[in-house]
Structures are given as C-alpha cells and as structure tokens.
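The structure appears below as structure tokens.
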Amino acid sequence: MSLGTQIFSSDSITQLAPAEVSLTDVSKAFGSGPDRVEVLHNINVTAAPGEILAILGPSGCGKSTLLRLVAGLETATSGSVCVDGHLVTGIDAQCSVVFQEPRLLPWRTVAKNVQLGVRDSGTSGEIQAWLELVGLGDFGGYLPKQISGGMAQRAALARALIGHPGVLLLDEPFAALDALTRMQMQDLLVEVKERIGTTVLLVTHDVDEALYLADRIIVLGERGQGIVETISIESPRPRDRSDTSTIPLRRELLRLFGVHV
Ligand SMILES: Nc1ncnc2c1ncn2[C@@H]1O[C@H](COP(=O)(O)OP(=O)(O)OP(=O)(O)O)[C@@H](O)[C@H]1O
Ligand SMILES: [Mg+2]
C-alpha cells in the first residue's frame with residue numbers, strides 16, 4: 001500500500017527536528033533491601049538524530065523500562081538520560097510514546113483522539129493532514145470501536161506525531177496485529193519517518209522487524225545484563241523483505257535468543 005500521494009500533498013505537515021537520545025552509565029533498579037532488583041545495568045547508547053534504533057531482548061529484560069526512562073516516566077537509579085543534551089527529569093513534549101495497544105478513548109472520534117496529542121488543540125486542517133498521513137483520511141469521524149486494530153494503531157501513531165516530537169518511542173507497537181497488517185504498519189512507519197524526520201526508538205520482539213526497520217539494533221541480555229550486542233544495518237530504506245544479505249545477521253540474532261537456526 002502506498003500513501004505517498006496523500007503524504008506529499010499536505011502542507012500542514014512539516015519536517016520535525018529529530019533529537020539525539022543518549023543514555024550514559026544508566027542503571028535502573030526496582031524495590032529495596034532484599035527485594036531490590038536491578039533491571040538495567042550500565043547502559044551506554046546514543047541514538048543519533050533521525051536514527052531508528054531497535055531494542056531487542058528477552059521478555060522482562062527491561063526494554064519497556066528503558067523507553068520509560070527516555071519518556072521521563074521513570075527515573076534512573078544512576079547515570080543520565082539526555083534528549084538533545086538536556087537531562088530528562090520528567091515527561092517532556094519532545095518525546096511521544098506509542099504502546100502495543102492503541103489506548104484510544106472509546107467515546108472520542110478518531111479525529112478527537114488524534115487531537116489529544118497536540119497542546120493547543122490543533123486546527124481541523126492539521127488533524128486531517130495527520131489522519132491522511134497515516135491513511136485514515138476518511139475515518140476521522142469514526143469511533144474506535146468502528147475501526148480495525150491496525151487502523152486504531154494508525155490513529156495512535158498520528159496522535160503521537162501531531163505534537164511534533166523530536167523522539168518517537170515505540171513499545172512493540174505492531175505486536176498485537178496480524179502478520180500482514182504488521183508489515184503494512186512497518187511500511188507506513190518507513191514512509192512517515194521519511195516524510196517527517198524524527199528519531200525513533202523501537203522496542204520489538206521481532207527480529208525481522210528490527211532488521212527491516214532499524215539503522216542499528218541493540219540487544220539486551222537477561223534482566224540486569226545490559227547490552228550484549230550492537231548491530232548496524234547499512235542498507236537504505238525502504239528495504240527489500242526478500243533481501244538475502246541480512247540472513248547472516250538474522251541468524252546471529254536468533255542464535256542470541258537461543259533459537260535453532
Ligand atoms: N514499576 C515497577 N516496579 C517493580 N518492578 C518493575 C516495575 N516496572 C518493571 N518492573 C520489572 O522490571 C523488569 C523489566 O520490565 P520491563 O517491562 O521493562 O521488561 P520488558 O523487557 O519490556 O518485557 P516484555 O518483553 O515482557 O515487555 C520486570 O521484571 C518487571 O517486573
Ligand atoms: Mg515491555
């Protein structure tokens with residue numbers, strides 16, 4: 001599916017200024033005394049402005065916690081988290097988050113849900129432009145229960161982007177979707193990213209998704225182990241899903257997760 005015509009016909013959507021995200025010696029523990037558990041240990045990573053950085057790792061290793069630290073929803077136990085050189089001390093408009101479930105308010109229309117992402121309410125033209133950007137140009141008046149899961153996730157993406165974030169934080173945003181819809185959403189992300197700029201931190205369990213989308217992949221080990229592997233992918237987007245040159249990387253990543261290849 002191509003949304004190119006719709007995307008480039010809109011004047012209301014401008015390039016965002018992508019921000020750098022840097023984590024320096026970041027550790028995060030929950031609990032205290034004998035119940036203290038260190039989830040993230042000594043994380044050092046910088047996402048360059050405009051980069052798509054994928055974060056892979058086993059369940060419970062701290063991927064969502066890492067995103068929450070960048071979003072200002074959690075505070076590091078030690079170390080520093082900076083967005084564009086500024087220490088993250090709380091929730092900031094620079095960062096927007098999309099979760100696995102769309103979290104739309106059921107009593108608001110799709111357009112009114114997207115409007116929630118912008119501080120000054122936004123003009124109807126602006127909201128419509130973002131709806132068109134994500135392929136929902138004709139669905140602004142629908143209620144969440146009247147649209148599919150994939151469409152709801154498109155709305156969540158528009159709501160996240162309308163506030164012009166320098167950083168888009170995606171926590172397994174396509175994991176609940178069927179395989180085909182997931183691939184369409186991945187393509188949408190590539191198109192949107194190309195159109196608007198922004199830095200993307202993408203948490204995913206899906207090795208193929210990471211290889212298809214990311215400039216760089218970091219792999220977290222078991223809880224508290226920190227980053228165990230970093231892989232750069234040079235090929236430009238949009239990528240070819242049948243490209244065989246990524247097979248060795250795929251094999252390496254799957255082996256890291258103990259999958260027989
Ligand atoms: N607020 C909290 N209080 C106590 N423990 C927490 C809190 N948030 C997360 N944890 C613990 O931190 C660990 C990492 O959680 P996190 O949600 O970051 O993992 P994850 O890698 O995103 O897992 P999944 O792949 O299943 O989504 C888990 O053991 C979780 O129970
Ligand atoms: Mg998680």
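Going through the structure tokens in order, the chains are called A, B, and so on, while each chain numbers its residues from 1 and the ligands are numbered from 1 in the order shown.
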
What residues of the protein or nucleic acid chains come within 10 Å of ligand 1 when you use only C-alpha atoms and all ligand atoms? Reply as a PDB file with C-alpha atoms, in the first residue's frame.
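What landed in selection14.pdb:
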ATOM      1  CA  LYS A  28      17.700   1.092  36.983  1.00  0.00           C
ATOM      2  CA  ALA A  29      16.651  -0.947  39.984  1.00  0.00           C
ATOM      3  CA  PHE A  30      13.225  -1.510  41.434  1.00  0.00           C
ATOM      4  CA  GLY A  31      12.473  -2.268  45.085  1.00  0.00           C
ATOM      5  CA  ASP A  35      13.631  -7.193  47.161  1.00  0.00           C
ATOM      6  CA  ARG A  36      15.888  -4.915  45.147  1.00  0.00           C
ATOM      7  CA  VAL A  37      16.161  -5.995  41.517  1.00  0.00           C
ATOM      8  CA  GLU A  38      18.477  -4.299  39.071  1.00  0.00           C
ATOM      9  CA  VAL A  39      16.710  -4.410  35.715  1.00  0.00           C
ATOM     10  CA  LEU A  40      19.054  -2.301  33.610  1.00  0.00           C
ATOM     11  CA  ILE A  55      15.870  -2.560  21.083  1.00  0.00           C
ATOM     12  CA  LEU A  56      15.591  -6.342  21.221  1.00  0.00           C
ATOM     13  CA  GLY A  57      15.794  -8.619  24.218  1.00  0.00           C
ATOM     14  CA  PRO A  58      14.048 -11.398  26.106  1.00  0.00           C
ATOM     15  CA  SER A  59      10.841 -10.741  27.993  1.00  0.00           C
ATOM     16  CA  GLY A  60      11.453  -8.945  31.269  1.00  0.00           C
ATOM     17  CA  CYS A  61      14.936  -7.716  30.384  1.00  0.00           C
ATOM     18  CA  GLY A  62      13.990  -4.056  30.745  1.00  0.00           C
ATOM     19  CA  LYS A  63      13.133  -2.852  27.227  1.00  0.00           C
ATOM     20  CA  SER A  64       9.974  -1.001  28.285  1.00  0.00           C
ATOM     21  CA  THR A  65      11.782   0.342  31.318  1.00  0.00           C
ATOM     22  CA  LEU A  66      14.455   1.796  29.042  1.00  0.00           C
ATOM     23  CA  LEU A  67      11.791   3.538  26.934  1.00  0.00           C
ATOM     24  CA  ARG A  68      10.054   4.796  30.061  1.00  0.00           C
ATOM     25  CA  LEU A  69      13.314   6.325  31.255  1.00  0.00           C
ATOM     26  CA  LEU A  73       8.062   8.140  33.125  1.00  0.00           C
ATOM     27  CA  GLU A  74      10.769   6.532  35.277  1.00  0.00           C
ATOM     28  CA  GLN A 100       1.342  -2.148  21.957  1.00  0.00           C
ATOM     29  CA  ASP A 171       6.958  -0.087  22.570  1.00  0.00           C
ATOM     30  CA  GLU A 172       6.112  -3.158  20.479  1.00  0.00           C
ATOM     31  CA  VAL A 203      11.201  -1.912  21.149  1.00  0.00           C
ATOM     32  CA  THR A 204      10.338  -5.151  19.421  1.00  0.00           C
ATOM     33  CA  HIS A 205      10.465  -8.918  19.901  1.00  0.00           C
ATOM     34  CA  LEU A 220      19.701  -6.535  25.856  1.00  0.00           C
ATOM     35  CA  GLY A 221      20.656  -9.715  27.710  1.00  0.00           C
ATOM     36  CA  GLU A 222      18.703 -11.237  30.539  1.00  0.00           C
ATOM     37  CA  ARG A 223      17.495  -8.816  33.216  1.00  0.00           C
ATOM     38  CA  GLY A 224      20.435  -6.809  34.592  1.00  0.00           C
TER      39      GLY A 224
END

Using backbone DSSP assignments, extract all alpha helix (DSSP H) residues from stretch 80-127 of chain A; output them as a list of chain:residue names.
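Alpha helix (DSSP H) assignments inside stretch 80-127 of chain A correspond to A:Val110, A:Ala111, A:Lys112, A:Asn113, A:Val114, A:Gln115, A:Ser124, A:Gly125, A:Glu126, A:Ile127.
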
Let me make sure I understand: among A:Val192, A:Leu201, A:Val88, A:Val219, which one has the smallest atom-to-atom distance to A:Gly135 if we use only C-alpha atoms?
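Once distances to A:Gly135 are computed over only C-alpha atoms, the minimum belongs to A:Val192.
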
Check stretch 129-178 of chain A with DSSP on the backbone and list each residue it calls strand (DSSP E), as a count of residues only.
5

Closest to ligand 2 among A:Glu101, A:Glu132, A:Glu209, A:Asp25, using only C-alpha atoms and all ligand atoms?
A:Glu101

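If you count only C-alpha atoms and ignore residues fewer than 2 places along the chain from A:Glu234, what sits within 10 Å of it is A:Ala214, A:Asp215, A:Arg216, A:Ile231, A:Ser232, A:Pro236, A:Arg237.
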
Just write the chosen residues, N, CA and C atoms, as an mmCIF file, in the first residue's frame.
data_model
loop_
_atom_site.group_PDB
_atom_site.id
_atom_site.type_symbol
_atom_site.label_atom_id
_atom_site.label_comp_id
_atom_site.auth_asym_id
_atom_site.auth_seq_id
_atom_site.Cartn_x
_atom_site.Cartn_y
_atom_site.Cartn_z
ATOM 1 N N ALA A 214 15.454 -0.915 11.257
ATOM 2 C CA ALA A 214 16.417 -0.169 12.084
ATOM 3 C C ALA A 214 17.718 0.179 11.364
ATOM 4 N N ASP A 215 18.294 1.303 11.774
ATOM 5 C CA ASP A 215 19.664 1.623 11.384
ATOM 6 C C ASP A 215 20.633 0.837 12.276
ATOM 7 N N ARG A 216 20.201 0.647 13.509
ATOM 8 C CA ARG A 216 21.047 -0.065 14.467
ATOM 9 C C ARG A 216 20.146 -0.852 15.417
ATOM 10 N N ILE A 231 24.283 -4.101 16.534
ATOM 11 C CA ILE A 231 24.415 -4.431 15.112
ATOM 12 C C ILE A 231 23.967 -3.235 14.282
ATOM 13 N N SER A 232 24.809 -2.815 13.325
ATOM 14 C CA SER A 232 24.431 -1.728 12.420
ATOM 15 C C SER A 232 23.958 -2.316 11.101
ATOM 16 N N PRO A 236 19.910 1.271 2.805
ATOM 17 C CA PRO A 236 18.923 2.341 2.930
ATOM 18 C C PRO A 236 17.491 1.801 2.950
ATOM 19 N N ARG A 237 16.593 2.559 3.537
ATOM 20 C CA ARG A 237 15.171 2.241 3.497
ATOM 21 C C ARG A 237 14.549 2.960 2.302
#

Have a look at A:Val21, A:Val207, A:Gln225, A:Ile233 and name the one nearest to A:Arg250; count only C-alpha atoms.
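Under the stated criterion, the closest residue is A:Val207.
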